[in-house]
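Beneath this line is the structure, given in structure tokens, with notes to follow.
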Amino acid sequence: MTEKKDRERVIAEITLSHLIRLGSEQGCTVSRQQALEFLNQEGRAFEMWKHMMRAAEDFVAGSLFQNSFSPADPRPTPGRSISTAAR
């Protein structure tokens with residue numbers, strides 16, 4: 001397992017090996033060339049990127065913002081959420 005580190009940026013990607021593995025899990029053999037062609041057809045790589053960004057935003061909204069942050073203190077404050085902080 002990798003060591004936990006502070007991060008300012010997260011990079012996520014779907015690689016050819018991911019597509020090949022996913023195909024195999026679904027019972028469909030996918031070659032490296034087929035995976036490459038799939039990603040580069042009809043803007044699929046960009047569409048998948050946009051989908052991953054929306055999923056990441058949903059994840060952040062659903063998990064990070066369950067904890068609240070005081071404007072003066074960036075650490076979470078138990079019992080107070082961003083939605084109730086403005087009240």
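Going through the structure tokens in order, the chains are called A, B, and so on, while each chain numbers its residues from 1 and the ligands are numbered from 1 in the order shown.
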
Next item on the list: Would you list the contacts of Glu13 of chain A as a PyMOL selection string, taking every protein, DNA or RNA residue within 12 Å and counting only C-alpha atoms, but skipping same-chain residues closer than 5 positions in sequence?
Entry: chain A and resi 18-19+39+45-46+48-53

Could those residues be written to a file, using C-alpha atoms, as a PDB file, in the first residue's frame?
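And here's out09.pdb as it stands now:
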```pdb
ATOM      1  CA  HIS A  18      -7.743  -0.433 -17.093  1.00  0.00           C
ATOM      2  CA  LEU A  19      -9.830  -0.823 -20.241  1.00  0.00           C
ATOM      3  CA  LEU A  39     -10.421   5.965 -26.239  1.00  0.00           C
ATOM      4  CA  ALA A  45     -11.437  10.143 -23.694  1.00  0.00           C
ATOM      5  CA  PHE A  46     -12.674  13.697 -23.128  1.00  0.00           C
ATOM      6  CA  MET A  48     -14.746  10.049 -19.715  1.00  0.00           C
ATOM      7  CA  TRP A  49     -12.601  12.840 -18.259  1.00  0.00           C
ATOM      8  CA  LYS A  50     -15.666  15.066 -17.832  1.00  0.00           C
ATOM      9  CA  HIS A  51     -17.549  12.188 -16.217  1.00  0.00           C
ATOM     10  CA  MET A  52     -14.663  11.553 -13.793  1.00  0.00           C
ATOM     11  CA  MET A  53     -14.553  15.256 -12.894  1.00  0.00           C
TER      12      MET A  53
END
```

Checklist line | Between atom CA of Lys4 of chain A and atom CA of Phe65 of chain A, distance in Å (one decimal) | finding: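 Computing the Euclidean distance for atom CA of Lys4 of chain A and atom CA of Phe65 of chain A yields 20.9 Å.
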
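Here atom CA of Ala12 of chain A is placed at a distance of 18.3 Å from atom CA of Phe38 of chain A.
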
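Residue nearest Ile14 of chain A within the list A:Leu64, A:Ala35, A:Asp58, A:Gly27: A:Ala35 [criterion: smallest interatomic distance, only C-alpha atoms].
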